[in-house]
$ cat model.txt   # compact mmCIF, C-alpha atoms
# COMPACT_ATOMS: atom_id res chain seq x y z
CA MET A 266 -124.23 -191.16 95.62
CA ILE A 267 -127.31 -190.55 97.75
CA PRO A 268 -126.57 -187.47 99.92
CA ARG A 269 -125.95 -188.42 103.54
CA ILE A 270 -127.02 -186.36 106.55
CA LEU A 271 -123.81 -187.25 108.40
CA ALA A 272 -121.64 -185.51 105.77
CA GLU A 273 -121.91 -182.09 107.42
CA LYS A 274 -120.86 -183.44 110.82
CA LEU A 275 -118.01 -185.38 109.24
CA ARG A 276 -116.56 -182.28 107.63
CA HIS A 277 -117.10 -180.29 110.83
CA PHE A 278 -115.23 -182.68 113.10
CA ALA A 279 -112.34 -182.89 110.64
CA THR A 280 -111.71 -179.21 111.49
CA LYS A 281 -111.72 -179.96 115.23
CA TYR A 282 -109.81 -183.24 115.63
CA PRO A 283 -106.62 -184.64 114.12
CA ILE A 284 -108.44 -187.91 113.41
CA VAL A 285 -112.06 -188.66 112.60
CA THR A 286 -113.26 -192.26 112.81
CA VAL A 287 -116.33 -193.44 110.92
CA THR A 288 -117.73 -196.80 111.89
CA GLY A 289 -120.94 -198.66 111.09
CA PRO A 290 -122.22 -201.84 109.47
CA ARG A 291 -120.65 -203.20 106.33
CA GLN A 292 -122.12 -201.71 103.13
CA SER A 293 -123.62 -198.72 104.93
CA GLY A 294 -121.74 -196.34 102.64
CA LYS A 295 -118.77 -195.35 104.80
CA THR A 296 -116.12 -195.40 102.08
CA THR A 297 -118.32 -193.56 99.59
CA LEU A 298 -119.19 -190.89 102.13
CA ILE A 299 -115.60 -190.32 103.24
CA ARG A 300 -114.15 -190.17 99.74
CA THR A 301 -116.90 -187.80 98.66
CA CYS A 302 -116.35 -185.48 101.62
CA PHE A 303 -112.55 -185.51 101.28
CA PRO A 304 -111.73 -185.84 97.56
CA ASP A 305 -108.23 -184.39 98.04
CA TYR A 306 -107.23 -187.01 100.63
CA GLU A 307 -105.12 -189.99 99.66
CA TYR A 308 -107.05 -193.25 99.98
CA VAL A 309 -105.48 -196.36 101.55
CA SER A 310 -107.39 -199.58 102.08
CA PHE A 311 -106.11 -202.24 104.43
CA GLU A 312 -108.19 -204.74 102.48
CA ASP A 313 -105.30 -204.63 100.00
CA PRO A 314 -102.90 -207.37 101.21
CA ASP A 315 -99.84 -205.58 99.81
CA ILE A 316 -100.73 -202.37 101.66
CA LEU A 317 -101.41 -204.29 104.86
CA LEU A 318 -98.11 -206.17 104.62
CA MET A 319 -96.17 -202.95 104.00
CA ALA A 320 -97.83 -201.24 106.98
CA LYS A 321 -97.17 -204.15 109.33
CA ASP A 322 -93.59 -204.55 108.14
CA ASP A 323 -92.55 -201.00 109.08
CA PRO A 324 -95.34 -198.84 110.59
CA ARG A 325 -93.10 -195.79 111.11
CA LEU A 326 -91.91 -195.78 107.51
CA PHE A 327 -95.49 -196.36 106.38
CA LEU A 328 -96.68 -193.23 108.22
CA LYS A 329 -93.81 -191.20 106.77
CA ARG A 330 -95.30 -192.05 103.39
CA TYR A 331 -98.79 -191.07 104.56
CA ARG A 332 -98.11 -188.22 106.97
CA ASP A 333 -101.19 -186.09 106.37
CA LYS A 334 -104.61 -185.96 104.65
CA THR A 335 -105.03 -189.71 104.34
CA ILE A 336 -108.03 -192.02 104.54
CA PHE A 337 -107.32 -195.40 106.14
CA ASP A 338 -110.18 -197.72 105.19
CA GLU A 339 -110.96 -200.96 107.08
CA ALA A 340 -108.68 -199.72 109.85
CA GLN A 341 -109.68 -202.54 112.19
CA ARG A 342 -107.53 -204.90 110.07
CA PHE A 343 -104.41 -203.16 111.39
CA PRO A 344 -105.22 -201.83 114.87
CA GLU A 345 -101.53 -201.78 115.82
CA LEU A 346 -101.21 -198.68 113.66
CA PHE A 347 -103.22 -196.64 116.15
CA SER A 348 -100.32 -196.32 118.61
CA TYR A 349 -98.14 -194.91 115.85
CA LEU A 350 -100.93 -192.56 114.77
CA GLN A 351 -101.04 -191.21 118.32
CA SER A 352 -97.39 -190.16 118.13
CA ALA A 353 -97.78 -188.75 114.63
CA VAL A 354 -100.75 -186.50 115.38
CA ASP A 355 -99.30 -185.36 118.72
CA LEU A 356 -96.11 -184.32 116.95
CA GLU A 357 -97.88 -182.36 114.20
CA GLY A 358 -100.64 -180.82 116.32
CA LYS A 359 -102.94 -180.34 113.31
CA THR A 360 -106.58 -181.15 112.65
CA GLY A 361 -107.98 -183.26 109.84
CA MET A 362 -104.85 -185.35 109.36
CA TYR A 363 -106.48 -188.78 109.10
CA ILE A 364 -109.91 -190.27 108.46
CA LEU A 365 -110.35 -193.84 109.69
CA SER A 366 -113.18 -196.18 108.80
CA GLY A 367 -114.11 -199.66 109.92
CA SER A 368 -117.06 -202.00 110.15
CA GLN A 369 -116.23 -203.88 113.34
CA ASN A 370 -117.08 -201.82 116.36
CA PHE A 371 -115.50 -204.05 119.00
CA GLN A 372 -111.98 -204.30 117.57
CA LEU A 373 -111.97 -200.72 116.36
CA MET A 374 -113.23 -199.14 119.57
CA GLU A 375 -111.00 -201.25 121.79
CA LYS A 376 -107.86 -199.92 120.11
CA ILE A 377 -109.18 -196.37 119.86
CA THR A 378 -109.86 -196.36 123.61
CA GLN A 379 -106.34 -197.55 124.26
CA SER A 380 -104.43 -195.34 121.82
CA LEU A 381 -106.50 -192.50 120.38
CA ALA A 382 -108.69 -191.34 123.25
CA GLY A 383 -109.17 -187.59 123.00
CA ARG A 384 -107.58 -187.48 119.55
CA THR A 385 -110.47 -188.69 117.42
CA ALA A 386 -114.12 -187.90 116.93
CA ILE A 387 -116.20 -191.05 116.44
CA LEU A 388 -119.11 -191.01 114.01
CA LYS A 389 -121.47 -193.88 113.23
CA LEU A 390 -122.93 -194.25 109.76
CA MET A 391 -125.97 -196.48 109.58
CA PRO A 392 -127.82 -197.60 106.43
CA LEU A 393 -129.94 -194.92 104.78
CA SER A 394 -132.47 -193.15 106.95
CA PHE A 395 -136.01 -192.65 105.68
CA PRO A 396 -135.43 -188.91 105.03
CA GLU A 397 -132.33 -189.79 102.99
CA ILE A 398 -134.33 -192.27 100.93
CA ASN A 399 -137.14 -189.77 100.45
CA ASN A 400 -134.79 -186.97 99.43
CA SER A 401 -133.10 -189.22 96.89
CA GLY A 402 -136.35 -189.62 94.96
CA HIS A 403 -136.92 -193.24 95.98
CA LYS A 404 -140.22 -192.64 97.73
CA PRO A 405 -141.72 -195.92 98.97
CA HIS A 406 -145.24 -197.08 98.21
CA SER A 407 -146.04 -198.29 101.72
CA ILE A 408 -144.52 -198.90 105.14
CA ASP A 409 -144.51 -202.64 104.44
CA ASN A 410 -142.44 -201.99 101.32
CA VAL A 411 -140.02 -199.84 103.33
CA MET A 412 -139.56 -202.52 105.96
CA PHE A 413 -139.09 -205.23 103.33
CA GLN A 414 -136.55 -203.34 101.21
CA GLY A 415 -134.50 -202.17 104.14
CA CYS A 416 -132.13 -199.24 103.88
CA TYR A 417 -128.75 -200.35 102.54
CA PRO A 418 -127.54 -197.84 99.91
CA ARG A 419 -126.69 -200.39 97.22
CA ILE A 420 -130.34 -201.47 96.99
CA TYR A 421 -131.27 -197.93 95.95
CA ASP A 422 -128.13 -196.93 94.04
CA LYS A 423 -128.14 -200.07 91.91
CA GLN A 424 -131.92 -200.67 91.99
CA LEU A 425 -131.45 -204.14 93.42
CA LEU A 426 -134.24 -206.35 94.67
CA PRO A 427 -133.84 -207.34 98.32
CA LYS A 428 -133.39 -210.97 97.25
CA GLU A 429 -130.48 -209.81 95.09
CA PHE A 430 -128.74 -208.16 98.01
CA TYR A 431 -129.39 -209.65 101.44
CA PRO A 432 -128.42 -213.32 100.89
CA PHE A 433 -125.04 -212.21 99.55
CA TYR A 434 -124.70 -209.64 102.32
CA ILE A 435 -125.24 -212.36 104.92
CA GLN A 436 -122.74 -214.63 103.21
CA THR A 437 -120.12 -211.88 102.99
CA TYR A 438 -120.71 -210.85 106.60
CA ILE A 439 -120.27 -214.43 107.82
CA GLU A 440 -117.17 -215.12 105.78
CA ARG A 441 -115.35 -211.87 106.51
CA ASP A 442 -116.49 -210.08 109.65
CA VAL A 443 -117.46 -213.01 111.83
CA ARG A 444 -114.22 -214.88 111.28
CA GLN A 445 -112.21 -211.76 112.06
CA ILE A 446 -114.05 -211.06 115.30
CA GLN A 447 -114.32 -214.59 116.64
CA ASN A 448 -113.19 -218.05 115.62
CA ILE A 449 -116.56 -219.64 114.91
CA LEU A 450 -116.03 -223.12 113.52
CA ASN A 451 -119.57 -224.05 112.54
CA LEU A 452 -120.72 -221.17 110.34
CA ASN A 453 -123.97 -222.91 109.37
CA LEU A 454 -124.88 -223.11 113.04
CA PHE A 455 -124.08 -219.42 113.43
CA ILE A 456 -126.41 -218.57 110.52
CA ARG A 457 -129.13 -220.59 112.23
CA PHE A 458 -128.51 -218.54 115.38
CA VAL A 459 -128.89 -215.28 113.43
CA LYS A 460 -132.17 -216.51 111.91
CA LEU A 461 -133.45 -217.47 115.37
CA CYS A 462 -132.64 -213.93 116.52
CA ALA A 463 -134.72 -212.57 113.63
CA GLY A 464 -137.62 -214.72 114.80
CA ARG A 465 -137.42 -213.01 118.19
CA ILE A 466 -137.34 -209.46 116.89
CA GLY A 467 -138.91 -206.96 119.29
CA GLN A 468 -139.11 -209.55 122.07
CA LEU A 469 -137.42 -209.81 125.44
CA LEU A 470 -134.02 -211.41 125.06
CA ASN A 471 -134.00 -215.00 126.29
CA ILE A 472 -130.47 -216.33 125.99
CA SER A 473 -131.42 -219.71 127.45
CA SER A 474 -134.15 -220.26 124.86
CA LEU A 475 -131.91 -219.14 122.00
CA ALA A 476 -129.12 -221.45 123.10
CA THR A 477 -131.42 -224.44 123.55
CA GLU A 478 -133.15 -224.04 120.19
CA CYS A 479 -129.87 -223.52 118.39
CA GLY A 480 -128.16 -226.42 120.15
CA ILE A 481 -125.34 -224.38 121.72
CA THR A 482 -124.32 -223.43 125.24
CA GLN A 483 -125.48 -220.21 126.88
CA PRO A 484 -121.92 -218.77 126.98
CA THR A 485 -121.63 -219.43 123.24
CA ALA A 486 -124.99 -217.75 122.62
CA LYS A 487 -123.86 -214.70 124.61
CA ALA A 488 -120.59 -214.55 122.69
CA TRP A 489 -122.36 -214.82 119.33
CA LEU A 490 -124.83 -212.13 120.30
CA SER A 491 -121.89 -209.87 121.15
CA VAL A 492 -120.53 -210.51 117.66
CA LEU A 493 -123.85 -209.42 116.15
CA GLU A 494 -123.85 -206.27 118.28
CA ALA A 495 -120.23 -205.43 117.46
CA SER A 496 -120.88 -205.60 113.72
CA TYR A 497 -124.11 -203.57 113.89
CA ILE A 498 -126.47 -206.38 112.99
CA VAL A 499 -128.57 -206.35 116.17
CA TYR A 500 -129.39 -203.73 118.78
CA LEU A 501 -130.41 -204.38 122.37
CA LEU A 502 -132.95 -201.90 123.76
CA LYS A 503 -132.37 -201.53 127.48
CA PRO A 504 -135.17 -201.55 130.07
CA TYR A 505 -135.82 -198.39 132.06
CA TYR A 506 -135.92 -199.03 135.80
CA LYS A 507 -134.27 -196.00 137.38
CA ASN A 508 -135.61 -194.89 140.77
CA GLN A 509 -138.13 -197.72 140.80
CA ASN A 510 -139.32 -199.75 143.77
CA LYS A 511 -141.87 -201.99 142.05
CA ARG A 512 -140.98 -205.14 140.16
CA LEU A 513 -140.00 -204.29 136.60
CA VAL A 514 -138.63 -206.19 133.65
CA LYS A 515 -134.86 -205.83 133.57
CA THR A 516 -134.17 -207.83 130.41
CA PRO A 517 -133.35 -206.02 127.14
CA LYS A 518 -135.33 -206.36 123.93
CA LEU A 519 -133.76 -207.68 120.75
CA TYR A 520 -133.93 -205.59 117.56
CA PHE A 521 -132.15 -205.54 114.20
CA LEU A 522 -130.51 -202.39 112.85
CA ASP A 523 -132.17 -203.04 109.48
CA THR A 524 -135.61 -204.54 108.91
CA GLY A 525 -134.76 -205.58 105.35
CA LEU A 526 -132.07 -207.88 106.67
CA ALA A 527 -134.48 -209.23 109.29
CA CYS A 528 -137.12 -209.87 106.61
CA SER A 529 -134.61 -211.79 104.51
CA LEU A 530 -133.63 -213.93 107.50
CA LEU A 531 -137.33 -214.58 108.19
CA GLY A 532 -137.80 -215.85 104.62
CA ILE A 533 -140.12 -213.03 103.56
CA GLN A 534 -140.08 -212.87 99.75
CA GLU A 535 -142.24 -209.83 99.02
CA GLY A 536 -143.30 -206.69 100.83
CA SER A 537 -146.95 -207.69 100.49
CA GLN A 538 -146.32 -210.73 102.72
CA ILE A 539 -145.56 -208.49 105.71
CA PHE A 540 -149.17 -207.33 106.05
CA ALA A 541 -150.31 -210.75 107.27
CA HIS A 542 -147.05 -211.81 108.88
CA TYR A 543 -147.19 -212.78 112.54
CA LEU A 544 -144.26 -210.45 113.29
CA ARG A 545 -145.58 -207.40 111.45
CA GLY A 546 -146.11 -205.44 114.67
CA GLU A 547 -142.59 -206.25 115.86
CA LEU A 548 -141.08 -205.36 112.48
CA PHE A 549 -142.91 -202.04 112.51
CA GLY A 550 -141.68 -201.28 116.03
CA ASN A 551 -138.18 -202.25 114.94
CA TRP A 552 -138.32 -199.86 111.98
CA ILE A 553 -139.57 -196.97 114.14
CA ILE A 554 -136.82 -197.45 116.72
CA SER A 555 -134.06 -197.94 114.12
CA GLU A 556 -135.07 -194.71 112.37
CA LYS A 557 -134.78 -192.76 115.60
CA LEU A 558 -131.41 -194.42 116.24
CA LYS A 559 -130.18 -193.24 112.84
CA ALA A 560 -131.34 -189.71 113.61
CA LYS A 561 -129.33 -189.74 116.83
CA PHE A 562 -126.23 -191.15 115.16
CA ASN A 563 -126.51 -188.62 112.32
CA ALA A 564 -126.59 -185.85 114.91
CA VAL A 565 -123.56 -187.47 116.64
CA GLU A 566 -125.54 -187.92 119.85
CA ASP A 567 -125.70 -190.87 122.20
CA PRO A 568 -129.05 -192.68 121.91
CA ASN A 569 -130.27 -192.97 125.49
CA PHE A 570 -133.12 -195.27 124.46
CA TYR A 571 -135.13 -197.51 126.76
CA PHE A 572 -138.42 -199.32 127.10
CA TRP A 573 -140.47 -199.77 130.27
CA ARG A 574 -142.47 -202.79 131.37
CA ASP A 575 -143.80 -203.79 134.75
CA ASN A 576 -144.48 -207.24 136.11
CA VAL A 577 -148.15 -207.24 135.08
CA GLY A 578 -147.53 -206.37 131.43
CA ASN A 579 -148.02 -202.60 131.36
CA GLU A 580 -145.51 -201.31 128.83
CA ILE A 581 -144.11 -198.23 127.13
CA ASP A 582 -142.42 -199.03 123.82
CA LEU A 583 -139.79 -196.31 123.69
CA ILE A 584 -138.35 -193.85 126.20
CA ILE A 585 -135.70 -191.34 125.16
CA GLU A 586 -133.83 -189.71 128.01
CA ASN A 587 -132.66 -186.17 127.33
CA GLY A 588 -130.97 -184.89 130.48
CA GLU A 589 -133.73 -184.38 133.04
CA THR A 590 -136.52 -184.93 130.52
CA LEU A 591 -138.08 -188.10 129.19
CA GLN A 592 -139.75 -188.44 125.80
CA ILE A 593 -142.39 -191.17 125.87
CA PHE A 594 -143.56 -193.03 122.75
CA GLU A 595 -146.03 -195.78 122.01
CA ILE A 596 -145.68 -197.66 118.70
CA LYS A 597 -148.77 -199.09 117.04
CA SER A 598 -148.70 -201.01 113.76
CA GLY A 599 -152.38 -200.32 113.07
CA SER A 600 -153.20 -197.72 110.42
CA THR A 601 -156.55 -196.60 111.86
CA TYR A 602 -156.58 -194.41 114.96
CA ARG A 603 -158.19 -195.81 118.08
CA PRO A 604 -158.42 -194.07 121.48
CA GLU A 605 -156.87 -197.10 123.18
CA PHE A 606 -153.59 -196.26 121.41
CA PHE A 607 -153.05 -193.83 124.31
CA LYS A 608 -153.75 -196.22 127.18
CA ALA A 609 -150.11 -195.99 128.30
CA GLN A 610 -150.91 -192.43 129.37
CA ASN A 611 -152.62 -193.97 132.41
CA TYR A 612 -149.34 -195.07 133.98
CA VAL A 613 -146.75 -192.87 132.27
CA GLU A 614 -146.48 -190.53 135.27
CA GLY A 615 -145.33 -193.33 137.52
CA ILE A 616 -142.26 -194.39 135.58
CA SER A 617 -139.81 -191.77 136.84
CA ASP A 618 -139.29 -188.75 139.04
CA LEU A 619 -137.84 -186.92 136.03
CA HIS A 620 -139.81 -184.48 133.90
CA PHE A 621 -141.54 -186.06 130.93
CA GLN A 622 -143.17 -184.82 127.77
CA PRO A 623 -146.72 -185.82 126.78
CA LEU A 624 -147.13 -189.27 125.32
CA THR A 625 -146.75 -189.50 121.53
CA VAL A 626 -148.13 -192.41 119.53
CA VAL A 627 -146.48 -193.42 116.25
CA TYR A 628 -148.66 -195.54 113.95
CA SER A 629 -148.70 -196.92 110.40
CA GLY A 630 -151.42 -194.55 109.18
CA ASP A 631 -150.78 -191.68 106.78
CA ASN A 632 -152.10 -188.71 108.77
CA THR A 633 -150.42 -186.88 111.62
CA LEU A 634 -152.89 -185.17 113.91
CA GLU A 635 -153.44 -183.90 117.41
CA THR A 636 -156.06 -185.78 119.43
CA LYS A 637 -157.60 -185.15 122.85
CA GLN A 638 -155.23 -187.76 124.29
CA GLY A 639 -152.07 -186.52 122.61
CA MET A 640 -150.10 -186.37 119.38
CA LEU A 641 -150.66 -189.10 116.78
CA VAL A 642 -147.72 -189.25 114.36
CA SER A 643 -147.67 -191.02 111.00
CA TRP A 644 -144.69 -193.23 110.19
CA LYS A 645 -144.03 -190.90 107.25
CA ASP A 646 -143.50 -187.96 109.62
CA TRP A 647 -141.70 -189.88 112.34
CA VAL A 648 -138.21 -188.58 111.59
CA GLU A 649 -137.84 -185.44 109.50

$ encode --input "model.txt" --output "structure tokens"
Amino acid sequence: MIPRILAEKLRHFATKYPIVTVTGPRQSGKTTLIRTCFPDYEYVSFEDPDILLMAKDDPRLFLKRYRDKTIFDEAQRFPELFSYLQSAVDLEGKTGMYILSGSQNFQLMEKITQSLAGRTAILKLMPLSFPEINNSGHKPHSIDNVMFQGCYPRIYDKQLLPKEFYPFYIQTYIERDVRQIQNILNLNLFIRFVKLCAGRIGQLLNISSLATECGITQPTAKAWLSVLEASYIVYLLKPYYKNQNKRLVKTPKLYFLDTGLACSLLGIQEGSQIFAHYLRGELFGNWIISEKLKAKFNAVEDPNFYFWRDNVGNEIDLIIENGETLQIFEIKSGSTYRPEFFKAQNYVEGISDLHFQPLTVVYSGDNTLETKQGMLVSWKDWVE
């Protein structure tokens, strides 16, 4: 197993809460992490039809059998259990009784909000972060190679080629998760929709355009996008327009949680093809933002991430709000420093009445250095 940064937080919260819930995309390593952190816990998977039937048949008797130190995997398959868990943990008053895991955020969180609020810590495990990959000895040759391979653990554990992983991942995701979240009849059309989303990576979300090109209604497109969000396939970066009087873009941007998956959907066959690809800049921006997201999730912090864009095209790629302070970042896919990388500095002061830190530029070059305009950070040093 590749060591995961979230492990320390997972063990910590198990000493503070009766239940700890770990969610995240399928194949991100949730089960491996949990079983490694809690080797003395009994493991129960609701993927097993016999276990699921027994639990549904008599939930109270089921919990008498598993009254403490138990891992319930794929918990979203039996959300009715959560009400019984509430009674069980309230009666015992102990910490670390149960560890829940699930890969469908919508169904899982809906039931947790209803039944387990205040009784569970909620941790999100994403695919491997760049530091985790680096520390495992799988150092990449280039940023293009990193973006192409993506970050799912199995690729590195089993030394799989991306083409040996992602097509099957997509098929499994469609057949299992999508059908559980929503009754989508035409799965081929849904796959087309996902590929169209990949073609709009890093762009302003245009539901009307997506629906028209896919041949579906706008309500259907919105519903399908919600499915992709709930299962951690896509991420919508919100626009920043607090305390603003001027006309600003108020439409989110569309990103994928993993660039390797996006590359597969785009039909990219080798990492070397990314260099000349028309979406290389967007893929690089996606990778930078997804790495910072992983860092926030690994620290069990809410990612208050935004972008800023006015009506004449001035833009800031990433804003991170930390209380009364804003961190401002520009993302450049070029590998050679140019002074114009810092042009956003000209209008950064006008975006908010909050305090803000000096502009930082992240680029695809290898050297991190301090310039007259501000800090220039290599992709290799982006998240440490």

$ closest_atom_pairs --input "model.txt" --of "segment 324-407 of chain A" --to "segment 274-277 of chain A" --cutoff "12 Å" --atoms "all atoms listed in the file" --output "Markdown table"
| residue | atom | partner | partner_atom | distance |
| --- | --- | --- | --- | --- |
| A:Thr360 | CA | A:His277 | CA | 10.7 |
| A:Gly361 | CA | A:Arg276 | CA | 8.9 |
| A:Ile364 | CA | A:Leu275 | CA | 9.5 |
| A:Leu365 | CA | A:Leu275 | CA | 11.4 |
| A:Ser366 | CA | A:Leu275 | CA | 11.8 |
| A:Thr385 | CA | A:Leu275 | CA | 11.6 |
| A:Ala386 | CA | A:Leu275 | CA | 9.0 |
| A:Ile387 | CA | A:Leu275 | CA | 9.3 |
| A:Leu388 | CA | A:Leu275 | CA | 7.5 |
| A:Lys389 | CA | A:Leu275 | CA | 10.0 |
| A:Leu390 | CA | A:Leu275 | CA | 10.2 |

$ closest_residue --input "model.txt" --among "A:Leu526, A:Val642, A:Leu381, A:Val499" --to "Phe433 of chain A" --atoms "all atoms listed in the file"
A:Leu526

$ atom_distance --input "model.txt" --atom1 "atom CA of Lys460 of chain A" --atom2 "atom CA of Leu493 of chain A"
11.7 Å

$ closest_residue --input "model.txt" --among "A:Ser600, A:Gln538, A:Thr286, A:Ser401" --to "Ala340 of chain A" --atoms "all atoms listed in the file"
A:Thr286

$ atom_distance --input "model.txt" --atom1 "atom CA of Thr516 of chain A" --atom2 "atom CA of Gly464 of chain A"
17.4 Å

$ residues_around --input "model.txt" --residues "Gln292 of chain A" --least-positions-apart "3" --cutoff "9 Å" --atoms "all atoms listed in the file" --output "ChimeraX atom specification"
/A:289,295-296,368,392,417-419,434

$ residues_around --input "model.txt" --residues "segment 341-345 of chain A" --least-positions-apart "4" --cutoff "10 Å" --atoms "all atoms listed in the file" --output "ChimeraX atom specification"
/A:288,310-312,317-318,320-321,324,337,349-350,365-377,380,445

$ closest_residue --input "model.txt" --among "A:Phe540, A:Tyr628, A:Lys608, A:Leu513" --to "Val577 of chain A" --atoms "all atoms listed in the file"
A:Leu513

$ closest_residue --input "model.txt" --among "A:Ile498, A:Ile585, A:Leu558, A:Leu328" --to "Ile435 of chain A" --atoms "all atoms listed in the file"
A:Ile498
